[in-house]
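Here is the structure we will look at.
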Amino acid sequence: MNIDVHGLTRGQADACAAGEDGELDTVLLQLGRRLQADGYRFVTVTPLTHQRNNERAGNRVARDLRGVFGWSRPFEPGLLPQVETAALLESAILTERSGLLRSEVRWSSLDGQLFVHSAYPTVAHDSVFFGPDTYRFARAIDKHLAQSLHPVRTAIDIGCGSGAGAIVIALARREAQVQAVDINPTALRFTAVNAALAGVSNVSAWHSDVLQGTSGDFDLIVANPPYMQDPEARAYRDGGGELGSALSVRIAREALDRLAPGGSLLLYTGAPSVDGVDLFLAQVQPLLDVPGLQWTYEEVDPDVFGEELETPGYQQAERIAAVVLTVTRP
């Protein structure tokens with residue numbers, strides 16, 4: 001469906017943004033619109049910074065919307081209107097424990113839009129992550145679209161999570177058909193809500209393990225996959241072997257075979273270094289040394305998630321960098 005959302009009713013736009021099961025979480029969408037109308041804004045920080053803020057005296061209980069839906073703090077039942085509280089409790093968006101309420105979702109700001117994702121701390125296997133990586137990922141997409149002359153008719157966001165990547169593309173390229181794919185049903189649910197809230201009708205959310213559930217070639221493939229080594233193998237966090245880089249290598253391998261002529265892959269991921277060797281680049285470079293392929297590799301942050309170096313799996317790692325690999329097919 002390639003219809004400008006401004007030509008649709010609100011209900012039609014919502015239907016266009018629904019996931020593959022055709023259902024849209026209307027209670028979440030209504031909450032997002034309420035927060036938009038109230039001018040809500042929240043920049044989501046790293047988990048460690050989040051923890052430090054919440055542990056400060058006076059921050060144990062939420063006193064405003066940012067405390068409830070940004071900082072994931074428990075709050076007194078009277079903080080929100082009674083009717084709204086009842087609806088959110090019925091939908092399990094709010095839960096109650098020991099007389100206090102807590103939101104099971106967070107709302108974050110990005111380029112004037114709001115995105116729903118999982119509450120802090122993200123410990124469940126189906127958690128949907130949003131944080132500093134998301135902001136860097138979005139900036140990398142914006143930069144690529146500003147520099148590329150190749151038209152984007154078909155695009156896909158692999159492991160879409162909140163759908164941020166897909167929605168950034170859809171807003172910038174209204175003529176493009178943008179798929180947002182993930183193996184996590186919660187991610188697809190949140191993506192559909194976020195697309196409807198952003199007013200884009202050219203995003204569709206589908207279940208797919210990388211590209212296995214899709215067909216055809218793409219003018220633009222983007223991905224911000226999990227890249228940590230997680231002992232619990234949680235899908236939103238664990239990137240597999242070689243200190244979390246296996247999934248990123250797999251995405252690069254599969255994506256390169258599905259690029260349309262002139263199309264590009266933009267992969268934002270983490271790159272662990274051991275003895276000065278970038279483990280991700282060492283694995284992916286043989287895929288790139290193909291005649292005709294043009295590629296760039298940029299460290300956008302040389303040191304992320306430094307606290308992970310204290311965990312058993314990272315005893316040999318020197319650092320983890322945030323990197324952007326961009327590959328263009330002739």
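How things are named: the first chain in the structure tokens is A, the next is B, and so on; residues count from 1 in each chain; ligands count from 1 in the order shown.
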
As a PyMOL selection string, which residues of stretch 162-292 of chain A does DSSP assign to strand (DSSP E)?
chain A and resi 177-182+203-207+218-223+259-274+277-278

For the residues in that selection, give me N, CA and C atoms as a CSV table (one decimal), in the first residue's frame.
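File result-v1.csv, as written:
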```
chain,number,residue,atom,x,y,z
A,177,GLN,N,8.1,1.6,-0.1
A,177,GLN,CA,7.4,0.6,0.6
A,177,GLN,C,8.5,0.0,1.6
A,178,VAL,N,8.2,0.1,2.9
A,178,VAL,CA,9.2,-0.2,3.9
A,178,VAL,C,8.7,-1.4,4.8
A,179,GLN,N,9.4,-2.5,4.8
A,179,GLN,CA,9.1,-3.6,5.7
A,179,GLN,C,9.9,-3.5,7.0
A,180,ALA,N,9.2,-3.8,8.1
A,180,ALA,CA,9.9,-3.9,9.4
A,180,ALA,C,9.7,-5.3,9.8
A,181,VAL,N,10.8,-6.1,10.0
A,181,VAL,CA,10.7,-7.5,10.3
A,181,VAL,C,11.5,-7.8,11.6
A,182,ASP,N,10.9,-8.8,12.3
A,182,ASP,CA,11.5,-9.2,13.5
A,182,ASP,C,11.0,-10.6,13.9
A,203,VAL,N,4.7,1.6,6.0
A,203,VAL,CA,5.4,0.7,6.8
A,203,VAL,C,4.5,-0.5,7.1
A,204,SER,N,5.0,-1.7,6.9
A,204,SER,CA,4.3,-2.9,7.3
A,204,SER,C,5.2,-3.8,8.1
A,205,ALA,N,4.7,-4.4,9.2
A,205,ALA,CA,5.4,-5.1,10.2
A,205,ALA,C,5.2,-6.6,9.9
A,206,TRP,N,6.2,-7.4,9.8
A,206,TRP,CA,6.1,-8.8,9.5
A,206,TRP,C,7.1,-9.7,10.3
A,207,HIS,N,6.7,-10.9,10.6
A,207,HIS,CA,7.6,-11.8,11.2
A,207,HIS,C,8.5,-12.4,10.2
A,218,PHE,N,16.0,-5.3,-2.5
A,218,PHE,CA,15.7,-4.1,-1.8
A,218,PHE,C,16.7,-3.0,-2.2
A,219,ASP,N,16.2,-1.8,-2.3
A,219,ASP,CA,17.0,-0.6,-2.6
A,219,ASP,C,17.8,-0.2,-1.3
A,220,LEU,N,17.2,-0.5,-0.1
A,220,LEU,CA,17.9,-0.1,1.1
A,220,LEU,C,17.6,-1.2,2.2
A,221,ILE,N,18.6,-1.8,2.8
A,221,ILE,CA,18.4,-2.7,3.9
A,221,ILE,C,19.2,-2.1,5.1
A,222,VAL,N,18.5,-2.0,6.2
A,222,VAL,CA,19.1,-1.4,7.4
A,222,VAL,C,18.9,-2.4,8.5
A,223,ALA,N,19.8,-2.4,9.5
A,223,ALA,CA,19.7,-3.3,10.6
A,223,ALA,C,20.5,-2.7,11.8
A,259,LEU,N,20.4,-7.2,-2.3
A,259,LEU,CA,20.4,-5.8,-2.7
A,259,LEU,C,20.1,-5.6,-4.2
A,260,ALA,N,19.2,-4.7,-4.5
A,260,ALA,CA,18.9,-4.4,-5.9
A,260,ALA,C,20.1,-3.6,-6.5
A,261,PRO,N,20.2,-3.6,-7.8
A,261,PRO,CA,21.3,-2.8,-8.4
A,261,PRO,C,21.3,-1.3,-7.9
A,262,GLY,N,22.4,-0.9,-7.4
A,262,GLY,CA,22.5,0.4,-6.8
A,262,GLY,C,22.0,0.5,-5.4
A,263,GLY,N,21.5,-0.6,-4.8
A,263,GLY,CA,21.0,-0.6,-3.5
A,263,GLY,C,22.1,-0.7,-2.4
A,264,SER,N,21.8,-0.3,-1.2
A,264,SER,CA,22.7,-0.3,-0.1
A,264,SER,C,22.3,-1.0,1.1
A,265,LEU,N,23.3,-1.6,1.8
A,265,LEU,CA,23.1,-2.1,3.2
A,265,LEU,C,23.7,-1.1,4.2
A,266,LEU,N,22.9,-0.8,5.2
A,266,LEU,CA,23.5,0.0,6.3
A,266,LEU,C,23.3,-0.8,7.6
A,267,LEU,N,24.4,-1.2,8.1
A,267,LEU,CA,24.4,-2.1,9.3
A,267,LEU,C,25.1,-1.4,10.5
A,268,TYR,N,24.3,-1.1,11.5
A,268,TYR,CA,24.8,-0.5,12.7
A,268,TYR,C,25.0,-1.6,13.7
A,269,THR,N,26.2,-1.8,14.3
A,269,THR,CA,26.3,-2.9,15.2
A,269,THR,C,27.5,-2.6,16.2
A,270,GLY,N,27.8,-3.6,17.0
A,270,GLY,CA,28.9,-3.5,17.9
A,270,GLY,C,30.1,-4.3,17.4
A,271,ALA,N,31.3,-3.8,17.7
A,271,ALA,CA,32.5,-4.5,17.2
A,271,ALA,C,33.4,-4.7,18.4
A,272,PRO,N,33.5,-5.9,18.9
A,272,PRO,CA,34.4,-6.2,20.0
A,272,PRO,C,35.9,-6.3,19.5
A,273,SER,N,36.8,-5.8,20.3
A,273,SER,CA,38.2,-5.9,19.9
A,273,SER,C,39.0,-6.8,20.9
A,274,VAL,N,39.8,-7.7,20.4
A,274,VAL,CA,40.6,-8.6,21.2
A,274,VAL,C,42.1,-8.5,20.7
A,277,VAL,N,42.4,-6.5,17.5
A,277,VAL,CA,41.7,-7.0,16.3
A,277,VAL,C,40.2,-6.8,16.4
A,278,ASP,N,39.6,-6.2,15.4
A,278,ASP,CA,38.1,-6.0,15.4
A,278,ASP,C,37.5,-7.3,14.9
```

Write out, as CSV, each residue of stretch 234-261 of chain A that has an atom at most 10 Å from stretch 307-326 of chain A, together with the closest pair of atoms and their distance in Å to one decimal, counting only C-alpha atoms, rows going by chain and rising number.
```
residue,atom,partner,partner_atom,distance
A:Leu243,CA,A:Tyr314,CA,7.3
A:Gly244,CA,A:Gly313,CA,10.0
A:Ala252,CA,A:Leu325,CA,9.1
```

File of the preceding selection, N, CA and C atoms, as a CSV table (one decimal), in the first residue's frame:
```
chain,number,residue,atom,x,y,z
A,243,LEU,N,31.8,-13.2,20.6
A,243,LEU,CA,31.5,-12.1,21.4
A,243,LEU,C,30.3,-11.2,20.9
A,244,GLY,N,29.3,-11.9,20.4
A,244,GLY,CA,28.1,-11.3,20.0
A,244,GLY,C,28.0,-10.8,18.6
A,252,ALA,N,24.8,-9.4,7.3
A,252,ALA,CA,25.5,-8.9,6.2
A,252,ALA,C,25.6,-9.9,5.0
```

Where does stretch 283-317 of chain A meet stretch 128-141 of chain A within 12 Å, residue by residue, with the nearest atom pair and distance in Å to one decimal for each, counting only C-alpha atoms, listed by chain and rising number, as a tab-separated table?
```
residue	atom	partner	partner_atom	distance
A:Tyr297	CA	A:Ala140	CA	11.8
A:Glu298	CA	A:Ala140	CA	10.3
A:Glu299	CA	A:Arg136	CA	11.1
A:Val300	CA	A:Arg136	CA	7.9
A:Asp301	CA	A:Arg136	CA	9.1
A:Val304	CA	A:Asp133	CA	9.3
A:Phe305	CA	A:Asp133	CA	10.6
```

Taking N, CA and C atoms for each residue, export the selection above as a JSON list (two decimals), in the first residue's frame.
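Contents of selection01.json, freshly written:
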```
[["chain", "number", "residue", "atom", "x", "y", "z"],
["A", 297, "TYR", "N", 33.41, 1.76, 6.42],
["A", 297, "TYR", "CA", 33.30, 1.22, 7.77],
["A", 297, "TYR", "C", 33.73, 2.33, 8.72],
["A", 298, "GLU", "N", 32.82, 2.71, 9.62],
["A", 298, "GLU", "CA", 33.08, 3.86, 10.49],
["A", 298, "GLU", "C", 32.80, 3.50, 11.95],
["A", 299, "GLU", "N", 33.75, 3.83, 12.81],
["A", 299, "GLU", "CA", 33.51, 3.76, 14.24],
["A", 299, "GLU", "C", 32.80, 5.05, 14.66],
["A", 300, "VAL", "N", 31.55, 4.92, 15.08],
["A", 300, "VAL", "CA", 30.81, 6.11, 15.50],
["A", 300, "VAL", "C", 30.94, 6.35, 17.00],
["A", 301, "ASP", "N", 31.38, 5.34, 17.73],
["A", 301, "ASP", "CA", 31.69, 5.48, 19.15],
["A", 301, "ASP", "C", 32.71, 4.40, 19.49],
["A", 304, "VAL", "N", 31.60, 1.53, 23.92],
["A", 304, "VAL", "CA", 30.23, 1.41, 24.43],
["A", 304, "VAL", "C", 30.13, 0.19, 25.34],
["A", 305, "PHE", "N", 29.20, 0.25, 26.28],
["A", 305, "PHE", "CA", 28.96, -0.87, 27.20],
["A", 305, "PHE", "C", 30.25, -1.37, 27.85]]
```

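Nearest to A:Val168 of all the residues A:Asp111, A:Glu104, A:Asp289, A:Asp238 is A:Asp111, counting only C-alpha atoms.
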
Separating atom CA of A:Thr26 from atom CA of A:Arg234, to the nearest tenth of an Å, is a gap of 27.6 Å

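Going from atom CA of A:Asp25 to atom CA of A:Glu90 covers 12.8 Å.
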
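Compared by their closest atoms to A:Pro81, and using only C-alpha atoms, the residues A:Ala176, A:Ala124, A:Leu65, A:Leu287 rank with A:Leu65 nearest.
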
With DSSP run on the backbone, what are the alpha helix (DSSP H) residues within stretch 44-203 of chain A? I'd like them as a count of residues only.
61

From the set A:Val210, A:Val327, A:Leu88, A:Val43, which residue has the shortest atom-to-atom contact distance to A:Gln285, counting only C-alpha atoms?
A:Val327

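Here atom CA of A:Phe190 and atom CA of A:Val61 stand 25.8 Å from one another.
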